[in-house]
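Enquirer: The structure under discussion is supplied below as structure tokens; questions concerning it will follow.
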Amino acid sequence: YCVSGVQSSADAGYHVNTTGATGQTACAAGNYTSSTGQNACIKASVGYYVPTTAQTGQTACPTGNYTSSTESSFCTPASAGYHVNTTAATGQTACAAGNYTSSTGRNACTVTSAGYYATGTANTGQTICPAGTYGSTTGLTSSSCSGQCTAGYYCTAGSSSATQNACGAGKYCPTGSGSATNCDAGYYGSSTTNSVSTCNGQCTAGYYCPAGSTSATQNACGAGNYCPTGSGSQTAASAGYHVNTTGATGQTACAAGNYTTSTGQNACTKASA
């Protein structure tokens, strides 16, 4: 360009694209010139950017960012679920199964924690292992995690061990339990890792064991009632019968000359004269 009859070369970062010019023009953002006397600006390459006008060079996109086209004035942050682990990247890479990113602009994916999993690719978060399963390692890729909880134990969601929680007295837990279940009525669980509903066995005769009992002699049968082996509740003596002791295993018929008109009696009534 010429000013007052003096010709000057366009500066680096500028260009002059016509003859007879009286001034130079700054390269627009996304473009640059690195030397003087240029009649056109150079577009920023893919993977690079030029953020402002009159620039003398292009800048590589940092890790976590990329450009997929030329003439960019800014880099695009990697999307959640993706990462960019090199400079001057021209695209983003999906996180593999067992990995995730929950925010943009990441240069690496995060491995799922123990007790969690991430299926497929491009995950934006990790999912908790379901109840009844456990995840003992990081980077798990399916909802079955590391497998089912061991019999006699239960695994709440997010458990990291096959024996996360002992079932507890009065409870039982089959394989793959997410919670403990009461031992059946008529049975008891004195140990803490039962795996079947009958637990440690039947309630002792003369006693009754509601569901969840922890002793074979959980509750003594009261007078007027009796309890055979494996009772979950007391049985009232029938009309015409009585039970006059606690801990009874059966009922006794009223003797001749005696009677009861209602159930659950601990003594018979003498007949009137």
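The chains in the structure tokens are called A, B, ... from first to last as shown; in each chain the residues are counted from 1, and the ligands are counted from 1 in the order shown.
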Neighbouring residues of Thr33 in chain A were defined as those with any atom within 7 Å, considering only C-alpha atoms; residues of the same chain fewer than 3 positions away were excluded. Please report them as a ChimeraX atom specification.
Expert: /A:12-14,41-42,55-57
Enquirer: Considering only C-alpha atoms, return as a list in words whatever protein or nucleic-acid residues lie within 9 Å of Asn123 in chain A, sequence-local ones (same chain, fewer than 3 positions apart) excluded.
Expert: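 The residues satisfying every condition are Ala80, Gly81, Tyr82, Ala94, Cys95, Ala96, Ala97, Gly98, Asn99, Tyr100, Thr101, Ser102, Ala118, Thr119, Gly120 and Gln126 of chain A.
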Enquirer: I need the chosen residues saved as a tab-separated table (two decimals), in the first residue's frame, with N, CA and C atoms.
Expert:
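Now in again.tsv:
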chain	number	residue	atom	x	y	z
A	80	ALA	N	-19.57	-33.65	27.34
A	80	ALA	CA	-19.68	-34.64	28.42
A	80	ALA	C	-19.84	-36.01	27.80
A	81	GLY	N	-19.11	-36.99	28.32
A	81	GLY	CA	-19.10	-38.33	27.73
A	81	GLY	C	-17.98	-38.54	26.73
A	82	TYR	N	-17.23	-37.47	26.46
A	82	TYR	CA	-16.13	-37.52	25.50
A	82	TYR	C	-14.88	-36.92	26.12
A	94	ALA	N	-15.18	-40.68	22.22
A	94	ALA	CA	-16.14	-41.14	23.22
A	94	ALA	C	-15.43	-41.92	24.32
A	95	CYS	N	-15.87	-41.71	25.55
A	95	CYS	CA	-15.36	-42.52	26.66
A	95	CYS	C	-15.80	-43.97	26.46
A	96	ALA	N	-14.90	-44.89	26.72
A	96	ALA	CA	-15.20	-46.31	26.58
A	96	ALA	C	-16.12	-46.78	27.69
A	97	ALA	N	-16.73	-47.94	27.50
A	97	ALA	CA	-17.55	-48.55	28.56
A	97	ALA	C	-16.71	-48.68	29.83
A	98	GLY	N	-17.35	-48.43	30.96
A	98	GLY	CA	-16.63	-48.46	32.24
A	98	GLY	C	-15.97	-47.15	32.58
A	99	ASN	N	-16.21	-46.14	31.73
A	99	ASN	CA	-15.63	-44.81	31.94
A	99	ASN	C	-16.69	-43.75	31.64
A	100	TYR	N	-16.46	-42.53	32.10
A	100	TYR	CA	-17.41	-41.46	31.85
A	100	TYR	C	-16.74	-40.10	32.07
A	101	THR	N	-17.37	-39.06	31.53
A	101	THR	CA	-17.06	-37.69	31.94
A	101	THR	C	-18.40	-37.00	32.16
A	102	SER	N	-18.50	-36.27	33.24
A	102	SER	CA	-19.77	-35.62	33.58
A	102	SER	C	-19.76	-34.13	33.23
A	118	ALA	N	-20.80	-48.51	34.02
A	118	ALA	CA	-21.19	-47.66	32.89
A	118	ALA	C	-21.19	-48.52	31.64
A	119	THR	N	-22.37	-48.74	31.06
A	119	THR	CA	-22.48	-49.57	29.86
A	119	THR	C	-22.27	-48.72	28.61
A	120	GLY	N	-21.91	-49.36	27.51
A	120	GLY	CA	-21.77	-48.66	26.23
A	120	GLY	C	-20.69	-47.60	26.29
A	126	GLN	N	-21.85	-42.41	36.05
A	126	GLN	CA	-21.81	-43.82	36.42
A	126	GLN	C	-23.12	-44.21	37.09
Enquirer: Set the distance at 7 Å and use only C-alpha atoms: which residues neighbour Cys167 in chain A once local chain neighbours fewer than 5 positions away are removed? I'd like the list as a PyMOL selection string.
Expert: chain A and resi 152-154+172-173+180+192-194
Enquirer: Go through A:Cys203, A:Ala162, A:Ala211, A:Cys254 and flag the residue nearest Thr229 in chain A, using only C-alpha atoms for the distances.
Expert: A:Cys203
Enquirer: Set the distance at 8 Å and use only C-alpha atoms: which residues neighbour Thr269 in chain A once local chain neighbours fewer than 6 positions away are removed? I'd like the list as an MDAnalysis selection string.
Expert: chainID A and resid 258:260
Enquirer: Which residue is closest to Gln164 in chain A? Choose from A:Tyr117, A:Tyr134, A:Tyr1, A:Phe74 and count only C-alpha atoms.
Expert: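 Of A:Tyr117, A:Tyr134, A:Tyr1, A:Phe74, the one nearest Gln164 in chain A is A:Tyr134, counting only C-alpha atoms.
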Enquirer: Show which residues sit within 9 Å of Thr235 in chain A, as a PyMOL selection string. Count only C-alpha atoms, and ignore same-chain residues fewer than 5 positions away.
Expert: chain A and resi 221+224-228+264
Enquirer: Restricted to N, CA and C atoms, what would the selected residues look like written as a short mmCIF file (atom, residue, chain, number, x, y, z; two decimals), in the first residue's frame?
Expert:
data_model
loop_
_atom_site.label_atom_id
_atom_site.label_comp_id
_atom_site.auth_asym_id
_atom_site.auth_seq_id
_atom_site.Cartn_x
_atom_site.Cartn_y
_atom_site.Cartn_z
N CYS A 221 -45.51 -70.54 75.75
CA CYS A 221 -46.95 -70.61 75.55
C CYS A 221 -47.64 -70.32 76.90
N GLY A 224 -53.90 -71.69 79.20
CA GLY A 224 -55.08 -71.58 78.33
C GLY A 224 -54.74 -71.78 76.87
N ASN A 225 -53.46 -71.96 76.59
CA ASN A 225 -52.99 -72.14 75.21
C ASN A 225 -51.97 -73.27 75.18
N TYR A 226 -51.74 -73.79 73.98
CA TYR A 226 -50.71 -74.81 73.83
C TYR A 226 -49.97 -74.58 72.50
N CYS A 227 -48.77 -75.15 72.43
CA CYS A 227 -47.90 -74.91 71.27
C CYS A 227 -47.17 -76.19 70.89
N PRO A 228 -47.59 -76.85 69.82
CA PRO A 228 -46.82 -77.99 69.30
C PRO A 228 -45.49 -77.51 68.73
N GLY A 264 -59.69 -71.20 75.17
CA GLY A 264 -58.61 -70.50 75.86
C GLY A 264 -58.72 -70.55 77.36
#
Enquirer: Can you tell me, as a PyMOL selection string, what residues are no more than 12 Å from Val84 in chain A when counting only C-alpha atoms, ignoring any on the same chain fewer than 4 positions away?
Expert: chain A and resi 47+61-67+75-80+88-95+101+104-109
Enquirer: Could the residues in this selection be written to a file with N, CA and C atoms, as a PDB file, in the first residue's frame?
Expert:
ATOM      1  N   GLY A  47      -7.966 -28.048  14.000  1.00  0.00           N
ATOM      2  CA  GLY A  47      -7.198 -28.328  15.212  1.00  0.00           C
ATOM      3  C   GLY A  47      -6.506 -27.102  15.778  1.00  0.00           C
ATOM      4  N   CYS A  61      -5.236 -26.043  19.526  1.00  0.00           N
ATOM      5  CA  CYS A  61      -6.229 -26.241  20.585  1.00  0.00           C
ATOM      6  C   CYS A  61      -5.601 -27.069  21.708  1.00  0.00           C
ATOM      7  N   PRO A  62      -5.818 -26.663  22.960  1.00  0.00           N
ATOM      8  CA  PRO A  62      -5.257 -27.435  24.075  1.00  0.00           C
ATOM      9  C   PRO A  62      -6.023 -28.745  24.280  1.00  0.00           C
ATOM     10  N   THR A  63      -5.453 -29.628  25.083  1.00  0.00           N
ATOM     11  CA  THR A  63      -6.157 -30.869  25.404  1.00  0.00           C
ATOM     12  C   THR A  63      -7.525 -30.537  26.001  1.00  0.00           C
ATOM     13  N   GLY A  64      -8.481 -31.415  25.742  1.00  0.00           N
ATOM     14  CA  GLY A  64      -9.851 -31.168  26.210  1.00  0.00           C
ATOM     15  C   GLY A  64     -10.662 -30.356  25.224  1.00  0.00           C
ATOM     16  N   ASN A  65     -10.042 -29.925  24.123  1.00  0.00           N
ATOM     17  CA  ASN A  65     -10.708 -29.079  23.129  1.00  0.00           C
ATOM     18  C   ASN A  65     -10.308 -29.511  21.724  1.00  0.00           C
ATOM     19  N   TYR A  66     -11.094 -29.098  20.743  1.00  0.00           N
ATOM     20  CA  TYR A  66     -10.799 -29.454  19.354  1.00  0.00           C
ATOM     21  C   TYR A  66     -11.481 -28.471  18.412  1.00  0.00           C
ATOM     22  N   THR A  67     -11.051 -28.481  17.128  1.00  0.00           N
ATOM     23  CA  THR A  67     -11.823 -27.831  16.062  1.00  0.00           C
ATOM     24  C   THR A  67     -11.931 -28.830  14.917  1.00  0.00           C
ATOM     25  N   CYS A  75     -11.806 -22.834  20.107  1.00  0.00           N
ATOM     26  CA  CYS A  75     -11.862 -24.294  20.136  1.00  0.00           C
ATOM     27  C   CYS A  75     -13.149 -24.734  20.826  1.00  0.00           C
ATOM     28  N   THR A  76     -13.603 -25.906  20.462  1.00  0.00           N
ATOM     29  CA  THR A  76     -14.821 -26.462  21.057  1.00  0.00           C
ATOM     30  C   THR A  76     -14.449 -27.420  22.179  1.00  0.00           C
ATOM     31  N   PRO A  77     -14.982 -27.209  23.388  1.00  0.00           N
ATOM     32  CA  PRO A  77     -14.685 -28.158  24.473  1.00  0.00           C
ATOM     33  C   PRO A  77     -15.282 -29.536  24.167  1.00  0.00           C
ATOM     34  N   ALA A  78     -14.568 -30.567  24.547  1.00  0.00           N
ATOM     35  CA  ALA A  78     -15.113 -31.927  24.417  1.00  0.00           C
ATOM     36  C   ALA A  78     -16.437 -32.012  25.173  1.00  0.00           C
ATOM     37  N   SER A  79     -17.415 -32.672  24.595  1.00  0.00           N
ATOM     38  CA  SER A  79     -18.727 -32.831  25.222  1.00  0.00           C
ATOM     39  C   SER A  79     -18.627 -33.760  26.429  1.00  0.00           C
ATOM     40  N   ALA A  80     -19.571 -33.653  27.342  1.00  0.00           N
ATOM     41  CA  ALA A  80     -19.679 -34.636  28.425  1.00  0.00           C
ATOM     42  C   ALA A  80     -19.836 -36.012  27.797  1.00  0.00           C
ATOM     43  N   ALA A  88      -4.085 -29.837  19.393  1.00  0.00           N
ATOM     44  CA  ALA A  88      -4.367 -29.714  17.952  1.00  0.00           C
ATOM     45  C   ALA A  88      -5.298 -30.818  17.454  1.00  0.00           C
ATOM     46  N   ALA A  89      -6.223 -31.213  18.297  1.00  0.00           N
ATOM     47  CA  ALA A  89      -7.135 -32.290  17.921  1.00  0.00           C
ATOM     48  C   ALA A  89      -8.190 -31.802  16.944  1.00  0.00           C
ATOM     49  N   THR A  90      -8.591 -32.691  16.055  1.00  0.00           N
ATOM     50  CA  THR A  90      -9.605 -32.362  15.054  1.00  0.00           C
ATOM     51  C   THR A  90     -10.961 -32.991  15.380  1.00  0.00           C
ATOM     52  N   GLY A  91     -11.040 -33.687  16.510  1.00  0.00           N
ATOM     53  CA  GLY A  91     -12.298 -34.297  16.929  1.00  0.00           C
ATOM     54  C   GLY A  91     -12.193 -34.779  18.359  1.00  0.00           C
ATOM     55  N   GLN A  92     -13.313 -35.246  18.886  1.00  0.00           N
ATOM     56  CA  GLN A  92     -13.372 -35.750  20.257  1.00  0.00           C
ATOM     57  C   GLN A  92     -13.584 -37.262  20.229  1.00  0.00           C
ATOM     58  N   THR A  93     -13.217 -37.932  21.314  1.00  0.00           N
ATOM     59  CA  THR A  93     -13.305 -39.388  21.408  1.00  0.00           C
ATOM     60  C   THR A  93     -14.261 -39.777  22.528  1.00  0.00           C
ATOM     61  N   ALA A  94     -15.179 -40.682  22.219  1.00  0.00           N
ATOM     62  CA  ALA A  94     -16.143 -41.138  23.222  1.00  0.00           C
ATOM     63  C   ALA A  94     -15.434 -41.921  24.321  1.00  0.00           C
ATOM     64  N   CYS A  95     -15.867 -41.713  25.553  1.00  0.00           N
ATOM     65  CA  CYS A  95     -15.363 -42.521  26.663  1.00  0.00           C
ATOM     66  C   CYS A  95     -15.799 -43.969  26.456  1.00  0.00           C
ATOM     67  N   THR A 101     -17.367 -39.062  31.532  1.00  0.00           N
ATOM     68  CA  THR A 101     -17.058 -37.688  31.942  1.00  0.00           C
ATOM     69  C   THR A 101     -18.398 -36.996  32.161  1.00  0.00           C
ATOM     70  N   THR A 104     -17.852 -30.910  30.481  1.00  0.00           N
ATOM     71  CA  THR A 104     -17.219 -30.676  29.183  1.00  0.00           C
ATOM     72  C   THR A 104     -15.735 -30.324  29.358  1.00  0.00           C
ATOM     73  N   GLY A 105     -15.001 -30.392  28.229  1.00  0.00           N
ATOM     74  CA  GLY A 105     -13.613 -29.945  28.227  1.00  0.00           C
ATOM     75  C   GLY A 105     -12.649 -30.858  28.953  1.00  0.00           C
ATOM     76  N   ARG A 106     -12.939 -32.144  28.997  1.00  0.00           N
ATOM     77  CA  ARG A 106     -12.079 -33.072  29.731  1.00  0.00           C
ATOM     78  C   ARG A 106     -11.026 -33.677  28.808  1.00  0.00           C
ATOM     79  N   ASN A 107      -9.827 -33.855  29.349  1.00  0.00           N
ATOM     80  CA  ASN A 107      -8.760 -34.476  28.564  1.00  0.00           C
ATOM     81  C   ASN A 107      -8.582 -35.956  28.888  1.00  0.00           C
ATOM     82  N   ALA A 108      -9.387 -36.454  29.806  1.00  0.00           N
ATOM     83  CA  ALA A 108      -9.367 -37.884  30.148  1.00  0.00           C
ATOM     84  C   ALA A 108     -10.720 -38.269  30.717  1.00  0.00           C
ATOM     85  N   CYS A 109     -11.059 -39.533  30.561  1.00  0.00           N
ATOM     86  CA  CYS A 109     -12.308 -40.046  31.131  1.00  0.00           C
ATOM     87  C   CYS A 109     -12.046 -40.569  32.538  1.00  0.00           C
TER      88      CYS A 109
END
Enquirer: Near range 206-210 of chain A, counting only C-alpha atoms, which residues have an atom at most 6 Å away, once you skip same-chain residues fewer than 2 positions from it, shown as a PDB file with N, CA, C and O atoms, in the first residue's frame?
Expert:
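Listing of selection_39.pdb after writing:
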ATOM      1  N   ALA A 185     -42.513 -67.794  60.344  1.00  0.00           N
ATOM      2  CA  ALA A 185     -43.160 -68.056  61.634  1.00  0.00           C
ATOM      3  C   ALA A 185     -43.081 -69.550  61.932  1.00  0.00           C
ATOM      4  O   ALA A 185     -43.242 -70.388  61.032  1.00  0.00           O
ATOM      5  N   GLY A 186     -42.793 -69.900  63.195  1.00  0.00           N
ATOM      6  CA  GLY A 186     -42.633 -71.297  63.575  1.00  0.00           C
ATOM      7  C   GLY A 186     -41.192 -71.755  63.529  1.00  0.00           C
ATOM      8  O   GLY A 186     -40.873 -72.880  63.912  1.00  0.00           O
ATOM      9  N   CYS A 203     -39.328 -74.077  66.004  1.00  0.00           N
ATOM     10  CA  CYS A 203     -39.497 -73.625  67.381  1.00  0.00           C
ATOM     11  C   CYS A 203     -39.761 -74.851  68.270  1.00  0.00           C
ATOM     12  O   CYS A 203     -40.399 -75.823  67.856  1.00  0.00           O
ATOM     13  N   THR A 204     -39.240 -74.813  69.492  1.00  0.00           N
ATOM     14  CA  THR A 204     -39.407 -75.914  70.447  1.00  0.00           C
ATOM     15  C   THR A 204     -40.870 -76.036  70.885  1.00  0.00           C
ATOM     16  O   THR A 204     -41.562 -75.035  71.058  1.00  0.00           O
ATOM     17  N   SER A 213     -38.033 -64.586  64.645  1.00  0.00           N
ATOM     18  CA  SER A 213     -37.563 -65.015  65.970  1.00  0.00           C
ATOM     19  C   SER A 213     -36.091 -65.424  65.914  1.00  0.00           C
ATOM     20  O   SER A 213     -35.597 -65.923  64.896  1.00  0.00           O
ATOM     21  N   THR A 217     -36.853 -70.964  71.772  1.00  0.00           N
ATOM     22  CA  THR A 217     -37.800 -70.790  72.899  1.00  0.00           C
ATOM     23  C   THR A 217     -38.138 -69.303  73.019  1.00  0.00           C
ATOM     24  O   THR A 217     -38.068 -68.724  74.099  1.00  0.00           O
ATOM     25  N   GLN A 218     -38.493 -68.716  71.883  1.00  0.00           N
ATOM     26  CA  GLN A 218     -38.700 -67.272  71.814  1.00  0.00           C
ATOM     27  C   GLN A 218     -39.770 -66.787  72.798  1.00  0.00           C
ATOM     28  O   GLN A 218     -39.554 -65.846  73.545  1.00  0.00           O
ATOM     29  N   ASN A 219     -40.914 -67.446  72.801  1.00  0.00           N
ATOM     30  CA  ASN A 219     -42.026 -67.051  73.676  1.00  0.00           C
ATOM     31  C   ASN A 219     -42.671 -68.294  74.273  1.00  0.00           C
ATOM     32  O   ASN A 219     -43.096 -69.187  73.531  1.00  0.00           O
ATOM     33  N   ALA A 220     -42.752 -68.328  75.610  1.00  0.00           N
ATOM     34  CA  ALA A 220     -43.421 -69.467  76.259  1.00  0.00           C
ATOM     35  C   ALA A 220     -44.925 -69.395  76.023  1.00  0.00           C
ATOM     36  O   ALA A 220     -45.519 -68.319  76.043  1.00  0.00           O
ATOM     37  N   CYS A 221     -45.509 -70.541  75.750  1.00  0.00           N
ATOM     38  CA  CYS A 221     -46.953 -70.609  75.553  1.00  0.00           C
ATOM     39  C   CYS A 221     -47.643 -70.317  76.896  1.00  0.00           C
ATOM     40  O   CYS A 221     -47.250 -70.846  77.933  1.00  0.00           O
ATOM     41  N   CYS A 227     -48.767 -75.150  72.426  1.00  0.00           N
ATOM     42  CA  CYS A 227     -47.897 -74.911  71.271  1.00  0.00           C
ATOM     43  C   CYS A 227     -47.170 -76.191  70.887  1.00  0.00           C
ATOM     44  O   CYS A 227     -46.201 -76.589  71.557  1.00  0.00           O
ATOM     45  N   SER A 231     -44.555 -74.026  66.261  1.00  0.00           N
ATOM     46  CA  SER A 231     -45.674 -73.070  66.345  1.00  0.00           C
ATOM     47  C   SER A 231     -45.194 -71.645  66.066  1.00  0.00           C
ATOM     48  O   SER A 231     -44.176 -71.195  66.598  1.00  0.00           O
ATOM     49  N   GLY A 232     -45.977 -70.955  65.247  1.00  0.00           N
ATOM     50  CA  GLY A 232     -45.714 -69.542  64.997  1.00  0.00           C
ATOM     51  C   GLY A 232     -46.559 -68.654  65.876  1.00  0.00           C
ATOM     52  O   GLY A 232     -46.318 -67.447  65.982  1.00  0.00           O
ATOM     53  N   SER A 233     -47.551 -69.232  66.511  1.00  0.00           N
ATOM     54  CA  SER A 233     -48.421 -68.503  67.438  1.00  0.00           C
ATOM     55  C   SER A 233     -49.047 -69.510  68.392  1.00  0.00           C
ATOM     56  O   SER A 233     -48.971 -70.726  68.175  1.00  0.00           O
ATOM     57  N   GLY A 247     -46.147 -73.167  78.856  1.00  0.00           N
ATOM     58  CA  GLY A 247     -45.233 -74.059  78.135  1.00  0.00           C
ATOM     59  C   GLY A 247     -45.853 -75.373  77.741  1.00  0.00           C
ATOM     60  O   GLY A 247     -45.143 -76.367  77.523  1.00  0.00           O
ATOM     61  N   ALA A 248     -47.182 -75.433  77.625  1.00  0.00           N
ATOM     62  CA  ALA A 248     -47.854 -76.687  77.286  1.00  0.00           C
ATOM     63  C   ALA A 248     -47.708 -77.016  75.808  1.00  0.00           C
ATOM     64  O   ALA A 248     -47.660 -76.135  74.951  1.00  0.00           O
ATOM     65  N   THR A 249     -47.656 -78.303  75.527  1.00  0.00           N
ATOM     66  CA  THR A 249     -47.550 -78.760  74.136  1.00  0.00           C
ATOM     67  C   THR A 249     -48.866 -79.338  73.614  1.00  0.00           C
ATOM     68  O   THR A 249     -48.970 -79.716  72.455  1.00  0.00           O
TER      69      THR A 249
END
Enquirer: CA of Val3 in chain A and CA of Gly23 in chain A, how far apart in Å?
Expert: 7.6 Å
Enquirer: Could you jot down the CA of Cys199 in chain A to CA of Thr156 in chain A separation for me, Å, one decimal place?
Expert: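 According to the coordinates, CA of Cys199 in chain A and CA of Thr156 in chain A are separated by 21.3 Å.
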